[in-house]
Amino acid sequence: MAHLDLDNITKTFNDGNDTIMAVDDLDVGIEEGEFVVFVGPSGCGKTTSLRCIAGFEKPTHGEITLNGEQITQKSPQDRNIAMVFQSYALYPHKTVRGNMSFGLEQSTDLSAEDIDQRVRETAEMLNIPELLDRRPGDLSGGQQQRVALGRAVVRDPEVFLMDEPLSNLDAKLRAEMRTYLQELQDDLNVTTVYVTHDQTEAMTMGDRIVVLNDGQLQQFGTPRECYYEPVNRFVASFIGEPSMNFFETSVNKNRLSTDTFECGIPDTVVSRIDTNGATLGIRPEHIEIDDSATVEATNVFQSRISVVEHVGRETLLYSPHPTETDEYFIAITDGRRQLESGQDVAVRVPEDSIHIFDDTTGEALYHSETSKQQMRI
Ligand code: ATP
């Protein structure tokens with residue numbers, strides 16, 4: 001097991017006259033046996049961070065240490081780290097056995113018998129022993145993914161690095177492999193860094209999540225922390241599907257007001273809020289929909305449902321955003337409710353479920369008690 005530290009990693013690329021900041025002063029400590037997911041939009045620096053850990057890129061500044069030992073300048077072969085790629089990167093002319101044994105033949109002085117035994121044991125563990133004599137071209141995508149995984153596992157590395165390893169699989173197989181990878185990591189207890197742009201993968205697989213944007217660390221926390229106590233508006237918007245709803249408000253003593261509704265806020269928060277205004281955030285599942293369409297309180301507004309999406313257990317409702325033209329806000333309700341597009345409803349924004357963000361910096365100023373309680377469950 002290994003403890004992996006990224007200390008103030010910066011990586012720039014020169015593209016003609018421009019300097020591209022791919023990773024900007026990234027500081028992350030990954031504990032032994034931890035499964036850490038790097039997540040963020042395209043171009044935020046996930047793969048570059050991973051390639052620095054693997055040794056395929058040298059950081060422009062900063063240090064990488066593995067169990068306290070500097071590995072920043074070491075070549076990839078001299079780091080006991082195995083990488084699984086999105087493309088699988090299997091040798092097409094080699095059998096599965098050949099693909100799995102190749103790394104060991106190159107990097108260890110194990111005997112042919114020992115290598116063969118390790119390959120067979122790993123193939124058993126991954127439920128692919130019957131594939132050992134086949135070539136990659138004769139395998140399904142899911143089977144190729146397991147072989148790519150097997151090639152990493154057989155090396156018995158201190159760290160696994162995985163770069164979007166499930167993105168070529170269909171949705172059902174991807175869900176299966178997510179569970180499988182977590183079980184495998186629990187069994188092997190190998191420190192793992194996993195890169196994805198898919199926040200669902202990050203939420204379901206990570207012990208902790210590194211949320212990146214524009215090369216900069218936004219939040220490093222558990223999935224619950226990132227969901228219930230996002231440090232800023234970017235994290236609040238990126239983590240969670242559908243995304244959190246945001247409303248620009250003005251501040252009126254201890255109330256946040258839009259043209260259509262108001263929310264009371266605790267006195268303790270008022271002093272932290274810019275008097276010019278703040279952004280109110282609320283998760284779709286916390287919005288309450290009343291089909292009587294009666295507005296009986298200041299935190300309730302009337303709205304007309306534009307689109308209803310039945311997704312089984314729950315229903316997603318899209319309605320015109322009360323303050324932003326051409327935008328929707330989204331509410332999630334119980335799938336058994338009978339609601340239709342065109343229907344007028346009353347929308348309640350419960351004051352005990354809101355988040356507040358600074359208008360200028362996007363920094364979170366307040367998370368409701370409900371959020372804090374849900375985080376502790
Ligand atoms: P994606 O999800 O699309 O793979 P990413 O988050 O993994 O994106 P990176 O591939 O790490 O992002 O890229 C970060 C930034 O660095 C991007 O702006 C990218 O264009 C740039 N970049 C990455 N590699 C190079 C390179 N070799 N030369 C120049 N720019 C690069």
# chains A, B, ... in the order shown; residues from 1 in each chain; ligands from 1
>>> closest_atom_pairs(of="chain A", to="ligand 1", cutoff="7 Å", atoms="only C-alpha atoms and all ligand atoms", output="tab-separated table")
residue	atom	partner	partner_atom_place_in_ligand_line	distance
A:Phe13	CA	ligand 1	29 (C)	4.9
A:Asn14	CA	ligand 1	29 (C)	6.3
A:Asp15	CA	ligand 1	29 (C)	5.8
A:Ile20	CA	ligand 1	30 (N)	6.1
A:Met21	CA	ligand 1	16 (O)	6.4
A:Ala22	CA	ligand 1	16 (O)	3.9
A:Val23	CA	ligand 1	14 (C)	7.0
A:Gly40	CA	ligand 1	6 (O)	6.3
A:Pro41	CA	ligand 1	2 (O)	6.0
A:Ser42	CA	ligand 1	3 (O)	3.6
A:Gly43	CA	ligand 1	12 (O)	3.4
A:Cys44	CA	ligand 1	6 (O)	3.8
A:Gly45	CA	ligand 1	11 (O)	3.2
A:Lys46	CA	ligand 1	6 (O)	3.9
A:Thr47	CA	ligand 1	7 (O)	3.6
A:Thr48	CA	ligand 1	11 (O)	3.6
A:Ser49	CA	ligand 1	11 (O)	6.4
A:Thr196	CA	ligand 1	2 (O)	6.9
A:His197	CA	ligand 1	2 (O)	5.7
A:Gly215	CA	ligand 1	14 (C)	6.8
>>> write_last_selection(atoms="C-alpha atoms", output="PDB file, in the first residue's frame")
ATOM      1  CA  PHE A  13       2.712  23.421 -22.101  1.00  0.00           C
ATOM      2  CA  ASN A  14       4.079  25.760 -24.740  1.00  0.00           C
ATOM      3  CA  ASP A  15       1.911  25.981 -27.815  1.00  0.00           C
ATOM      4  CA  ILE A  20      -1.102  26.657 -21.549  1.00  0.00           C
ATOM      5  CA  MET A  21      -1.607  26.146 -17.832  1.00  0.00           C
ATOM      6  CA  ALA A  22      -2.791  22.533 -17.669  1.00  0.00           C
ATOM      7  CA  VAL A  23      -2.341  22.002 -13.915  1.00  0.00           C
ATOM      8  CA  GLY A  40     -13.916  17.932 -13.904  1.00  0.00           C
ATOM      9  CA  PRO A  41     -14.927  19.178 -17.347  1.00  0.00           C
ATOM     10  CA  SER A  42     -12.940  18.515 -20.496  1.00  0.00           C
ATOM     11  CA  GLY A  43      -9.547  20.256 -20.457  1.00  0.00           C
ATOM     12  CA  CYS A  44      -9.454  20.838 -16.675  1.00  0.00           C
ATOM     13  CA  GLY A  45      -6.143  18.974 -16.280  1.00  0.00           C
ATOM     14  CA  LYS A  46      -7.208  15.494 -15.123  1.00  0.00           C
ATOM     15  CA  THR A  47      -5.189  13.470 -17.603  1.00  0.00           C
ATOM     16  CA  THR A  48      -2.159  15.730 -17.293  1.00  0.00           C
ATOM     17  CA  SER A  49      -2.186  15.235 -13.504  1.00  0.00           C
ATOM     18  CA  THR A 196     -13.301  10.708 -15.235  1.00  0.00           C
ATOM     19  CA  HIS A 197     -15.437  13.592 -16.476  1.00  0.00           C
ATOM     20  CA  GLY A 215      -6.249  23.226 -13.833  1.00  0.00           C
TER      21      GLY A 215
END
>>> residues_around(residues="Arg155 (chain A)", least_positions_apart="4", cutoff="9 Å", atoms="only C-alpha atoms", output="VMD selection string")
chain A and resid 80 to 82 100 to 101 103 to 104 118 150 to 151
>>> write_last_selection(atoms="N, CA and C atoms", output="PDB file, in the first residue's frame")
ATOM      1  N   ASN A  80       6.626   2.094  -9.217  1.00  0.00           N
ATOM      2  CA  ASN A  80       5.825   0.875  -9.123  1.00  0.00           C
ATOM      3  C   ASN A  80       4.337   1.224  -9.247  1.00  0.00           C
ATOM      4  N   ILE A  81       4.018   1.724 -10.450  1.00  0.00           N
ATOM      5  CA  ILE A  81       2.674   2.257 -10.711  1.00  0.00           C
ATOM      6  C   ILE A  81       2.159   1.620 -12.000  1.00  0.00           C
ATOM      7  N   ALA A  82       0.908   1.173 -12.009  1.00  0.00           N
ATOM      8  CA  ALA A  82       0.350   0.579 -13.235  1.00  0.00           C
ATOM      9  C   ALA A  82      -0.820   1.418 -13.709  1.00  0.00           C
ATOM     10  N   MET A 100      -0.886  -9.992 -20.705  1.00  0.00           N
ATOM     11  CA  MET A 100      -0.781  -9.879 -19.248  1.00  0.00           C
ATOM     12  C   MET A 100       0.632 -10.160 -18.755  1.00  0.00           C
ATOM     13  N   SER A 101       1.355 -11.004 -19.463  1.00  0.00           N
ATOM     14  CA  SER A 101       2.695 -11.381 -18.960  1.00  0.00           C
ATOM     15  C   SER A 101       3.782 -10.413 -19.435  1.00  0.00           C
ATOM     16  N   GLY A 103       4.452  -7.174 -19.380  1.00  0.00           N
ATOM     17  CA  GLY A 103       5.024  -6.205 -18.432  1.00  0.00           C
ATOM     18  C   GLY A 103       5.940  -6.882 -17.431  1.00  0.00           C
ATOM     19  N   LEU A 104       5.517  -8.044 -16.953  1.00  0.00           N
ATOM     20  CA  LEU A 104       6.330  -8.766 -15.955  1.00  0.00           C
ATOM     21  C   LEU A 104       7.633  -9.260 -16.589  1.00  0.00           C
ATOM     22  N   ARG A 118       1.296 -16.262 -11.919  1.00  0.00           N
ATOM     23  CA  ARG A 118       0.666 -14.987 -11.557  1.00  0.00           C
ATOM     24  C   ARG A 118      -0.408 -14.604 -12.569  1.00  0.00           C
ATOM     25  N   GLY A 150      -6.437  -6.613 -15.915  1.00  0.00           N
ATOM     26  CA  GLY A 150      -5.590  -7.742 -15.499  1.00  0.00           C
ATOM     27  C   GLY A 150      -4.123  -7.438 -15.721  1.00  0.00           C
ATOM     28  N   ARG A 151      -3.844  -6.758 -16.812  1.00  0.00           N
ATOM     29  CA  ARG A 151      -2.449  -6.432 -17.118  1.00  0.00           C
ATOM     30  C   ARG A 151      -1.864  -5.497 -16.044  1.00  0.00           C
TER      31      ARG A 151
END
>>> residues_around(residues="Phe301 (chain A)", least_positions_apart="2", cutoff="9 Å", atoms="only C-alpha atoms", output="PDB file with C-alpha atoms, in the first residue's frame")
ATOM      1  CA  THR A 260     -40.980  36.137  -7.740  1.00  0.00           C
ATOM      2  CA  PHE A 261     -40.072  34.776  -4.306  1.00  0.00           C
ATOM      3  CA  ALA A 293     -50.944  26.241  -7.643  1.00  0.00           C
ATOM      4  CA  THR A 294     -51.838  28.423  -4.671  1.00  0.00           C
ATOM      5  CA  VAL A 295     -49.180  30.878  -3.617  1.00  0.00           C
ATOM      6  CA  GLU A 296     -49.631  31.172   0.136  1.00  0.00           C
ATOM      7  CA  ALA A 297     -46.147  32.235   1.303  1.00  0.00           C
ATOM      8  CA  THR A 298     -43.304  34.482   0.179  1.00  0.00           C
ATOM      9  CA  ASN A 299     -41.017  31.509  -0.537  1.00  0.00           C
ATOM     10  CA  SER A 303     -45.009  28.322 -12.387  1.00  0.00           C
ATOM     11  CA  PRO A 322     -38.222  32.743 -12.721  1.00  0.00           C
ATOM     12  CA  VAL A 345     -48.143  24.509  -9.965  1.00  0.00           C
ATOM     13  CA  ALA A 346     -46.945  26.287  -6.853  1.00  0.00           C
ATOM     14  CA  VAL A 347     -43.197  25.969  -6.332  1.00  0.00           C
ATOM     15  CA  ARG A 348     -41.838  26.153  -2.795  1.00  0.00           C
ATOM     16  CA  VAL A 349     -38.185  26.863  -2.054  1.00  0.00           C
TER      17      VAL A 349
END
>>> residues_around(residues="Arg174 (chain A)", least_positions_apart="5", cutoff="10 Å", atoms="only C-alpha atoms", output="MDAnalysis selection string")
chainID A and resid 142 165:169 179:180 201
>>> residues_around(residues="Ala278 (chain A)", least_positions_apart="4", cutoff="9 Å", atoms="only C-alpha atoms", output="list in words")
Phe247, Glu248, Thr249, Ser250, Val251, Leu256, Ile273, Asp274, Ile356, Phe357, Asp358, Asp359 and Thr360 of chain A
>>> select_by_dssp(residues="region 123-284 of chain A", states="alpha helix (DSSP H)", output="PyMOL selection string")
chain A and resi 123-125+141-153+171-188+199-205+223-228+233-238+267-270
>>> residues_around(residues="Leu181 (chain A)", least_positions_apart="2", cutoff="12 Å", atoms="only C-alpha atoms", output="count of residues only")
34
>>> closest_residue(among="A:Asn252, A:Thr268, A:Gln216, A:Asn245", to="Ser319 (chain A)", atoms="only C-alpha atoms")
A:Asn245
>>> closest_residue(among="A:Gln86, A:Thr222, A:Asn276, A:Ser306", to="Gln144 (chain A)", atoms="only C-alpha atoms")
A:Gln86
>>> select_by_dssp(residues="region 226-373 of chain A", states="strand (DSSP E or B)", output="ChimeraX atom specification")
/A:232,245-252,255-257,262-264,278-282,288-290,300-304,307-310,314-320,328-334,344-348,355-358,363-367
>>> residues_around(residues="Asp133 (chain A)", least_positions_apart="6", cutoff="7 Å", atoms="only C-alpha atoms", output="number ranges by chain")
A: 95-97
>>> write_last_selection(atoms="N, CA and C atoms", output="PDB file, in the first residue's frame")
ATOM      1  N   THR A  95      -1.710 -12.812 -27.418  1.00  0.00           N
ATOM      2  CA  THR A  95      -2.881 -13.376 -26.745  1.00  0.00           C
ATOM      3  C   THR A  95      -3.102 -12.613 -25.447  1.00  0.00           C
ATOM      4  N   VAL A  96      -4.232 -12.913 -24.788  1.00  0.00           N
ATOM      5  CA  VAL A  96      -4.501 -12.300 -23.482  1.00  0.00           C
ATOM      6  C   VAL A  96      -3.357 -12.649 -22.521  1.00  0.00           C
ATOM      7  N   ARG A  97      -2.932 -13.926 -22.561  1.00  0.00           N
ATOM      8  CA  ARG A  97      -1.823 -14.360 -21.694  1.00  0.00           C
ATOM      9  C   ARG A  97      -0.578 -13.522 -21.986  1.00  0.00           C
TER      10      ARG A  97
END
>>> atom_distance(atom1="CA of Pro59 (chain A)", atom2="CA of Tyr88 (chain A)")
25.1 Å
>>> closest_residue(among="A:Glu340, A:Glu32, A:Asp18, A:Glu229", to="Thr370 (chain A)", atoms="only C-alpha atoms")
A:Glu229
>>> closest_residue(among="A:Thr108, A:Ser140, A:Ala171, A:Glu34", to="Val154 (chain A)", atoms="only C-alpha atoms")
A:Thr108
>>> atom_distance(atom1="CA of Ile289 (chain A)", atom2="CA of Arg233 (chain A)")
24.3 Å
